[in-house]
file model30.pdb (PDB, C-alpha atoms, pLDDT in the B column)
ATOM      1  CA  MET A   1      17.181 -31.809 -30.529  1.00 56.00           C
ATOM      2  CA  GLN A   2      16.406 -29.245 -33.167  1.00 62.00           C
ATOM      3  CA  GLU A   3      13.076 -27.524 -33.290  1.00 61.00           C
ATOM      4  CA  LYS A   4      11.171 -27.947 -36.507  1.00 63.00           C
ATOM      5  CA  GLN A   5      11.210 -24.777 -38.582  1.00 66.00           C
ATOM      6  CA  ILE A   6       7.736 -23.399 -39.249  1.00 59.00           C
ATOM      7  CA  PRO A   7       7.228 -20.899 -42.062  1.00 59.00           C
ATOM      8  CA  ILE A   8       6.561 -17.343 -40.826  1.00 58.00           C
ATOM      9  CA  SER A   9       3.025 -17.227 -42.191  1.00 56.00           C
ATOM     10  CA  ASN A  10       2.139 -20.417 -40.281  1.00 57.00           C
ATOM     11  CA  ARG A  11       3.733 -19.090 -37.068  1.00 55.00           C
ATOM     12  CA  ARG A  12       1.484 -16.053 -37.160  1.00 55.00           C
ATOM     13  CA  LYS A  13      -1.579 -18.259 -37.588  1.00 56.00           C
ATOM     14  CA  ARG A  14      -0.424 -20.448 -34.698  1.00 54.00           C
ATOM     15  CA  ASP A  15       0.206 -17.377 -32.496  1.00 54.00           C
ATOM     16  CA  LYS A  16      -3.219 -15.951 -33.302  1.00 54.00           C
ATOM     17  CA  ALA A  17      -4.835 -19.253 -32.426  1.00 52.00           C
ATOM     18  CA  LYS A  18      -3.086 -19.276 -29.023  1.00 52.00           C
ATOM     19  CA  SER A  19      -3.607 -15.564 -28.308  1.00 51.00           C
ATOM     20  CA  GLY A  20      -6.637 -16.291 -26.140  1.00 51.00           C
ATOM     21  CA  ALA A  21      -4.356 -18.140 -23.716  1.00 50.00           C
ATOM     22  CA  ARG A  22      -1.810 -15.328 -23.618  1.00 54.00           C
ATOM     23  CA  ILE A  23      -1.942 -12.088 -21.720  1.00 56.00           C
ATOM     24  CA  SER A  24      -1.047  -9.147 -23.888  1.00 54.00           C
ATOM     25  CA  SER A  25       1.228  -6.352 -22.743  1.00 53.00           C
ATOM     26  CA  HIS A  26      -1.768  -4.010 -22.999  1.00 51.00           C
ATOM     27  CA  GLN A  27      -3.652  -6.118 -20.465  1.00 51.00           C
ATOM     28  CA  ILE A  28      -0.669  -6.145 -18.106  1.00 53.00           C
ATOM     29  CA  VAL A  29      -0.275  -2.362 -18.304  1.00 51.00           C
ATOM     30  CA  ALA A  30      -4.008  -1.841 -17.741  1.00 52.00           C
ATOM     31  CA  CYS A  31      -3.967  -4.089 -14.648  1.00 51.00           C
ATOM     32  CA  ALA A  32      -0.887  -2.331 -13.267  1.00 52.00           C
ATOM     33  CA  LEU A  33      -2.515   1.083 -13.709  1.00 50.00           C
ATOM     34  CA  LEU A  34      -5.692  -0.091 -12.022  1.00 53.00           C
ATOM     35  CA  LEU A  35      -3.752  -1.553  -9.094  1.00 55.00           C
ATOM     36  CA  CYS A  36      -1.646   1.595  -8.697  1.00 50.00           C
ATOM     37  CA  GLY A  37      -4.749   3.761  -8.796  1.00 49.00           C
ATOM     38  CA  ALA A  38      -6.517   1.587  -6.235  1.00 41.00           C
ATOM     39  CA  THR A  39      -3.498   1.663  -3.926  1.00 40.00           C
ATOM     40  CA  ALA A  40      -3.085   5.423  -4.254  1.00 41.00           C
ATOM     41  CA  SER A  41      -6.763   6.087  -3.613  1.00 37.00           C
ATOM     42  CA  ALA A  42      -6.715   3.782  -0.565  1.00 41.00           C
ATOM     43  CA  ALA A  43      -3.725   5.685   0.811  1.00 41.00           C
ATOM     44  CA  ARG A  44      -5.542   8.993   0.384  1.00 47.00           C
ATOM     45  CA  VAL A  45      -8.615   7.704   2.204  1.00 55.00           C
ATOM     46  CA  ASP A  46      -6.521   6.618   5.203  1.00 79.00           C
ATOM     47  CA  ALA A  47      -4.690   9.953   5.507  1.00 92.00           C
ATOM     48  CA  ILE A  48      -5.619  13.045   7.483  1.00 94.00           C
ATOM     49  CA  GLU A  49      -4.311  16.457   6.509  1.00 96.00           C
ATOM     50  CA  ILE A  50      -2.769  18.260   9.496  1.00 96.00           C
ATOM     51  CA  VAL A  51      -1.364  21.321   7.697  1.00 97.00           C
ATOM     52  CA  ARG A  52      -2.776  22.857   4.511  1.00 96.00           C
ATOM     53  CA  ASP A  53      -1.179  25.760   2.657  1.00 95.00           C
ATOM     54  CA  GLY A  54       0.771  26.853   5.738  1.00 93.00           C
ATOM     55  CA  CYS A  55      -2.244  26.776   8.116  1.00 95.00           C
ATOM     56  CA  ALA A  56      -2.540  24.381  11.052  1.00 96.00           C
ATOM     57  CA  LEU A  57      -5.554  22.077  10.836  1.00 95.00           C
ATOM     58  CA  ALA A  58      -4.659  19.980  13.886  1.00 96.00           C
ATOM     59  CA  VAL A  59      -3.576  20.076  17.521  1.00 97.00           C
ATOM     60  CA  ILE A  60      -1.553  17.513  19.449  1.00 97.00           C
ATOM     61  CA  VAL A  61      -3.499  16.004  22.358  1.00 96.00           C
ATOM     62  CA  LEU A  62      -1.255  14.672  25.118  1.00 96.00           C
ATOM     63  CA  LYS A  63      -2.872  13.484  28.325  1.00 92.00           C
ATOM     64  CA  PRO A  64      -1.615  15.000  31.601  1.00 92.00           C
ATOM     65  CA  GLY A  65       1.055  12.892  33.271  1.00 93.00           C
ATOM     66  CA  ALA A  66       2.130  11.320  29.970  1.00 95.00           C
ATOM     67  CA  HIS A  67       5.305   9.242  30.040  1.00 95.00           C
ATOM     68  CA  ALA A  68       8.533  11.101  29.180  1.00 96.00           C
ATOM     69  CA  MET A  69       8.896   9.107  25.921  1.00 96.00           C
ATOM     70  CA  GLU A  70       5.367  10.117  24.883  1.00 96.00           C
ATOM     71  CA  GLN A  71       6.133  13.767  25.653  1.00 97.00           C
ATOM     72  CA  GLU A  72       9.334  13.521  23.628  1.00 97.00           C
ATOM     73  CA  ALA A  73       7.429  11.919  20.748  1.00 97.00           C
ATOM     74  CA  ALA A  74       4.926  14.806  20.802  1.00 97.00           C
ATOM     75  CA  ASP A  75       7.825  17.297  20.843  1.00 97.00           C
ATOM     76  CA  ASP A  76       9.448  15.496  17.874  1.00 97.00           C
ATOM     77  CA  LEU A  77       6.200  15.623  15.884  1.00 97.00           C
ATOM     78  CA  ARG A  78       5.736  19.307  16.686  1.00 98.00           C
ATOM     79  CA  TRP A  79       9.367  20.073  15.780  1.00 97.00           C
ATOM     80  CA  ALA A  80       9.131  18.236  12.419  1.00 97.00           C
ATOM     81  CA  VAL A  81       5.885  20.003  11.455  1.00 98.00           C
ATOM     82  CA  ARG A  82       7.431  23.392  12.342  1.00 97.00           C
ATOM     83  CA  GLU A  83      10.639  22.645  10.391  1.00 97.00           C
ATOM     84  CA  ALA A  84       8.746  21.355   7.336  1.00 97.00           C
ATOM     85  CA  THR A  85       5.978  23.961   7.127  1.00 97.00           C
ATOM     86  CA  GLY A  86       6.805  26.826   9.503  1.00 96.00           C
ATOM     87  CA  VAL A  87       3.573  26.049  11.395  1.00 96.00           C
ATOM     88  CA  THR A  88       3.647  25.265  15.121  1.00 97.00           C
ATOM     89  CA  LEU A  89       0.991  22.826  16.315  1.00 97.00           C
ATOM     90  CA  ASP A  90      -0.453  23.506  19.758  1.00 95.00           C
ATOM     91  CA  VAL A  91      -0.154  20.823  22.444  1.00 95.00           C
ATOM     92  CA  VAL A  92      -3.298  20.504  24.578  1.00 95.00           C
ATOM     93  CA  SER A  93      -4.547  18.102  27.237  1.00 92.00           C
ATOM     94  CA  GLU A  94      -8.140  17.925  25.956  1.00 91.00           C
ATOM     95  CA  ALA A  95      -9.340  17.440  22.391  1.00 87.00           C
ATOM     96  CA  PRO A  96     -10.964  20.493  20.806  1.00 83.00           C
ATOM     97  CA  VAL A  97     -14.647  20.654  19.958  1.00 82.00           C
ATOM     98  CA  ALA A  98     -15.496  18.474  16.957  1.00 78.00           C
ATOM     99  CA  GLY A  99     -14.962  20.267  13.671  1.00 78.00           C
ATOM    100  CA  GLU A 100     -12.655  22.911  15.153  1.00 86.00           C
ATOM    101  CA  ARG A 101      -9.240  21.280  14.636  1.00 93.00           C
ATOM    102  CA  THR A 102      -8.200  17.699  14.048  1.00 95.00           C
ATOM    103  CA  PRO A 103      -6.926  16.094  17.258  1.00 96.00           C
ATOM    104  CA  ILE A 104      -3.697  14.084  17.039  1.00 97.00           C
ATOM    105  CA  ARG A 105      -3.924  11.874  20.130  1.00 96.00           C
ATOM    106  CA  ILE A 106      -0.594  10.503  21.349  1.00 96.00           C
ATOM    107  CA  GLY A 107      -0.251   7.876  24.088  1.00 93.00           C
ATOM    108  CA  SER A 108       0.101   4.271  25.167  1.00 90.00           C
ATOM    109  CA  GLN A 109      -2.992   2.157  25.027  1.00 85.00           C
ATOM    110  CA  ALA A 110      -4.025  -1.303  26.105  1.00 77.00           C
ATOM    111  CA  GLY A 111      -6.123  -3.370  23.767  1.00 78.00           C
ATOM    112  CA  LEU A 112      -3.912  -3.272  20.679  1.00 84.00           C
ATOM    113  CA  PRO A 113      -3.815  -6.450  18.558  1.00 81.00           C
ATOM    114  CA  ALA A 114      -2.194  -9.343  20.429  1.00 80.00           C
ATOM    115  CA  ASP A 115       0.639  -9.625  17.907  1.00 81.00           C
ATOM    116  CA  THR A 116       1.754  -5.991  18.449  1.00 83.00           C
ATOM    117  CA  PRO A 117       5.337  -6.063  19.746  1.00 85.00           C
ATOM    118  CA  TYR A 118       6.184  -4.139  22.910  1.00 84.00           C
ATOM    119  CA  ASP A 119       7.872  -1.428  20.806  1.00 90.00           C
ATOM    120  CA  GLY A 120       5.218  -1.451  18.078  1.00 91.00           C
ATOM    121  CA  GLY A 121       2.195   0.734  17.611  1.00 93.00           C
ATOM    122  CA  VAL A 122      -0.733   1.732  15.468  1.00 94.00           C
ATOM    123  CA  VAL A 123      -1.456   4.979  13.656  1.00 95.00           C
ATOM    124  CA  ARG A 124      -5.166   5.402  12.993  1.00 93.00           C
ATOM    125  CA  ALA A 125      -6.258   8.165  10.661  1.00 94.00           C
ATOM    126  CA  GLY A 126      -9.953   8.610  10.068  1.00 91.00           C
ATOM    127  CA  GLY A 127     -13.161   9.935  11.494  1.00 89.00           C
ATOM    128  CA  GLY A 128     -11.683  13.414  11.745  1.00 91.00           C
ATOM    129  CA  GLU A 129      -8.838  12.454  14.083  1.00 93.00           C
ATOM    130  CA  VAL A 130      -5.416  10.845  14.218  1.00 96.00           C
ATOM    131  CA  GLU A 131      -4.466   8.388  16.955  1.00 95.00           C
ATOM    132  CA  ILE A 132      -0.828   7.481  17.510  1.00 96.00           C
ATOM    133  CA  VAL A 133      -0.828   4.672  20.050  1.00 95.00           C
ATOM    134  CA  GLY A 134       1.671   2.097  21.176  1.00 93.00           C
ATOM    135  CA  ALA A 135       1.690  -0.959  23.351  1.00 89.00           C
ATOM    136  CA  THR A 136       4.277   0.912  25.470  1.00 91.00           C
ATOM    137  CA  PRO A 137       5.785   4.412  25.379  1.00 94.00           C
ATOM    138  CA  ALA A 138       8.553   2.965  23.180  1.00 93.00           C
ATOM    139  CA  GLY A 139       5.871   1.924  20.694  1.00 93.00           C
ATOM    140  CA  VAL A 140       4.509   5.489  20.656  1.00 95.00           C
ATOM    141  CA  ALA A 141       7.998   6.876  19.997  1.00 95.00           C
ATOM    142  CA  ASN A 142       8.561   4.395  17.159  1.00 94.00           C
ATOM    143  CA  ALA A 143       5.188   5.225  15.608  1.00 95.00           C
ATOM    144  CA  VAL A 144       5.989   8.962  15.615  1.00 97.00           C
ATOM    145  CA  ALA A 145       9.475   8.289  14.204  1.00 95.00           C
ATOM    146  CA  THR A 146       7.873   6.267  11.399  1.00 95.00           C
ATOM    147  CA  ILE A 147       5.496   9.143  10.592  1.00 97.00           C
ATOM    148  CA  LEU A 148       8.407  11.579  10.473  1.00 97.00           C
ATOM    149  CA  MET A 149      10.352   9.367   8.077  1.00 96.00           C
ATOM    150  CA  GLU A 150       7.593   7.986   5.843  1.00 96.00           C
ATOM    151  CA  ASP A 151       5.056  10.837   5.727  1.00 97.00           C
ATOM    152  CA  PHE A 152       7.255  13.914   6.194  1.00 97.00           C
ATOM    153  CA  GLY A 153      10.515  12.633   4.656  1.00 97.00           C
ATOM    154  CA  VAL A 154      12.654  13.553   7.688  1.00 97.00           C
ATOM    155  CA  ARG A 155      16.151  12.060   7.753  1.00 96.00           C
ATOM    156  CA  MET A 156      18.437  12.385  10.757  1.00 93.00           C
ATOM    157  CA  TYR A 157      21.862  10.928  10.076  1.00 94.00           C
ATOM    158  CA  TYR A 158      23.422  12.333  13.245  1.00 91.00           C
ATOM    159  CA  PRO A 159      21.838  14.406  16.038  1.00 86.00           C
ATOM    160  CA  GLU A 160      23.236  17.698  14.744  1.00 91.00           C
ATOM    161  CA  PRO A 161      21.415  20.254  12.565  1.00 89.00           C
ATOM    162  CA  GLN A 162      23.813  19.905   9.637  1.00 93.00           C
ATOM    163  CA  PHE A 163      23.074  16.152   9.459  1.00 95.00           C
ATOM    164  CA  THR A 164      19.280  16.527   9.603  1.00 95.00           C
ATOM    165  CA  ILE A 165      17.126  16.804   6.485  1.00 96.00           C
ATOM    166  CA  VAL A 166      13.533  18.045   6.707  1.00 96.00           C
ATOM    167  CA  PRO A 167      11.901  18.594   3.296  1.00 97.00           C
ATOM    168  CA  LYS A 168       9.916  21.843   3.107  1.00 97.00           C
ATOM    169  CA  SER A 169       6.210  21.596   2.355  1.00 96.00           C
ATOM    170  CA  LYS A 170       3.069  23.738   2.566  1.00 96.00           C
ATOM    171  CA  SER A 171       0.863  20.772   3.441  1.00 96.00           C
ATOM    172  CA  LEU A 172       1.338  17.592   5.496  1.00 97.00           C
ATOM    173  CA  CYS A 173      -0.733  14.448   5.969  1.00 97.00           C
ATOM    174  CA  ILE A 174      -0.502  11.528   8.370  1.00 97.00           C
ATOM    175  CA  ARG A 175      -1.378   8.090   6.991  1.00 97.00           C
ATOM    176  CA  ALA A 176      -2.779   5.121   8.896  1.00 95.00           C
ATOM    177  CA  ARG A 177      -0.400   2.230   9.447  1.00 94.00           C
ATOM    178  CA  ILE A 178       0.740  -0.524  11.786  1.00 92.00           C
ATOM    179  CA  VAL A 179       4.256  -0.060  13.160  1.00 92.00           C
ATOM    180  CA  ALA A 180       6.099  -3.289  13.904  1.00 88.00           C
ATOM    181  CA  PRO A 181       9.875  -2.885  14.105  1.00 85.00           C
ATOM    182  CA  GLN A 182      11.788  -5.670  12.397  1.00 81.00           C
ATOM    183  CA  PHE A 183      14.217  -6.159  15.279  1.00 76.00           C
ATOM    184  CA  ALA A 184      13.958  -5.423  18.981  1.00 68.00           C
ATOM    185  CA  TYR A 185      16.813  -3.079  19.836  1.00 61.00           C
ATOM    186  CA  ARG A 186      17.984  -0.304  17.547  1.00 56.00           C
TER     187      ARG A 186
END

call {"tool": "encode", "arguments": {"input": "model30.pdb", "output": "structure tokens"}}
result
Amino acid sequence: MQEKQIPISNRRKRDKAKSGARISSHQIVACALLLCGATASAARVDAIEIVRDGCALAVIVLKPGAHAMEQEAADDLRWAVREATGVTLDVVSEAPVAGERTPIRIGSQAGLPADTPYDGGVVRAGGGEVEIVGATPAGVANAVATILMEDFGVRMYYPEPQFTIVPKSKSLCIRARIVAPQFAYR
């Protein structure tokens, strides 16, 4: 069936009459910019700066008697910060006095959401501290690995220095997130 041809002048009138029902490209662009800005500002609110301009702002807090996987996760975080910025974060057993340095607490913790998988975890960033907790030590290790990849840009294609990429930076932040691996064994 052929569509009836409408003269151009009438088409413009028809389009103007229907324009209230249409969304213009300007409106779409404006909404996209607002959404991007809201997402970016939310990400900044949920991030804690741990290194600024080559100066350490944080310490790693690891409780005495921590599981070997938790100790290894703390070592990995410390290594990545040193490789990226040249700054070595101290590892302590007690959090510093409030306002001194930001504590990065690493460890397993009961009381995570019920749907947290055994190898999942939570990274909380706010209130002047960072908490990297997992349902198990494997969850802690996965949470730290996620921080290294997503926040620091670390890529390790093979466990040899020539296959490891650590982008250089003067400042580093850790963002809040929930870590839930997509499959159980990697």

call {"tool": "residues_around", "arguments": {"input": "model30.pdb", "residues": "A:Arg124", "least_positions_apart": "3", "cutoff": "7 Å", "atoms": "only C-alpha atoms", "output": "number ranges by chain"}}
result
A: 130-132, 176-177

call {"tool": "resolve_selection", "arguments": {"input": "model30.pdb", "expression": "the PyMOL selection byres ((chain A and resi 165) around 6)", "output": "ChimeraX atom specification"}}
result
/A:154-155,164,166

call {"tool": "closest_residue", "arguments": {"input": "model30.pdb", "among": "A:Ile174, A:Val179, A:Ala114, A:Cys55", "to": "A:Gly134", "atoms": "all atoms listed in the file"}}
result
A:Val179

call {"tool": "closest_residue", "arguments": {"input": "model30.pdb", "among": "A:Asp53, A:Asp90, A:Asp119, A:Asp46", "to": "A:Ala145", "atoms": "all atoms listed in the file"}}
result
A:Asp119

call {"tool": "closest_residue", "arguments": {"input": "model30.pdb", "among": "A:Gly127, A:Pro181, A:Pro167, A:Gly54", "to": "A:Gly139", "atoms": "only C-alpha atoms"}}
result
A:Pro181

call {"tool": "residues_around", "arguments": {"input": "model30.pdb", "residues": "A:Ser108", "least_positions_apart": "3", "cutoff": "8 Å", "atoms": "all atoms listed in the file", "output": "PDB file with C-alpha atoms, in the coordinates of the input"}}
result
ATOM      1  CA  GLU A  70       5.367  10.117  24.883  1.00 96.00           C
ATOM      2  CA  VAL A 133      -0.828   4.672  20.050  1.00 95.00           C
ATOM      3  CA  GLY A 134       1.671   2.097  21.176  1.00 93.00           C
ATOM      4  CA  ALA A 135       1.690  -0.959  23.351  1.00 89.00           C
ATOM      5  CA  THR A 136       4.277   0.912  25.470  1.00 91.00           C
ATOM      6  CA  PRO A 137       5.785   4.412  25.379  1.00 94.00           C
ATOM      7  CA  GLY A 139       5.871   1.924  20.694  1.00 93.00           C
ATOM      8  CA  VAL A 140       4.509   5.489  20.656  1.00 95.00           C
TER       9      VAL A 140
END

call {"tool": "atom_distance", "arguments": {"input": "model30.pdb", "atom1": "atom CA of A:Gln109", "atom2": "atom CA of A:Ala84"}}
result
28.6 Å

call {"tool": "atom_distance", "arguments": {"input": "model30.pdb", "atom1": "atom CA of A:Ala58", "atom2": "atom CA of A:Val91"}}
result
9.7 Å

call {"tool": "atom_distance", "arguments": {"input": "model30.pdb", "atom1": "atom CA of A:Pro103", "atom2": "atom CA of A:Ile60"}}
result
6.0 Å

call {"tool": "resolve_selection", "arguments": {"input": "model30.pdb", "expression": "the PyMOL selection byres ((chain A and resi 66) around 10)", "output": "short mmCIF file (atom, residue, chain, number, x, y, z; two decimals) with C-alpha atoms, in the frame of the given file"}}
result
data_model
loop_
_atom_site.label_atom_id
_atom_site.label_comp_id
_atom_site.auth_asym_id
_atom_site.auth_seq_id
_atom_site.Cartn_x
_atom_site.Cartn_y
_atom_site.Cartn_z
CA LEU A 62 -1.25 14.67 25.12
CA LYS A 63 -2.87 13.48 28.32
CA PRO A 64 -1.62 15.00 31.60
CA GLY A 65 1.06 12.89 33.27
CA HIS A 67 5.30 9.24 30.04
CA ALA A 68 8.53 11.10 29.18
CA MET A 69 8.90 9.11 25.92
CA GLU A 70 5.37 10.12 24.88
CA GLN A 71 6.13 13.77 25.65
CA GLU A 72 9.33 13.52 23.63
CA SER A 93 -4.55 18.10 27.24
CA ILE A 106 -0.59 10.50 21.35
CA GLY A 107 -0.25 7.88 24.09
CA SER A 108 0.10 4.27 25.17
CA PRO A 137 5.78 4.41 25.38
#

call {"tool": "residues_around", "arguments": {"input": "model30.pdb", "residues": "A:Arg78", "least_positions_apart": "3", "cutoff": "7 Å", "atoms": "all atoms listed in the file", "output": "PyMOL selection string"}}
result
chain A and resi 74-75+81-82+88-89

call {"tool": "closest_residue", "arguments": {"input": "model30.pdb", "among": "A:Glu129, A:Asn142, A:Ser169, A:Glu83", "to": "A:Ala98", "atoms": "all atoms listed in the file"}}
result
A:Glu129

call {"tool": "closest_residue", "arguments": {"input": "model30.pdb", "among": "A:Val123, A:Leu57, A:Ala138, A:Leu148", "to": "A:Gly99", "atoms": "only C-alpha atoms"}}
result
A:Leu57
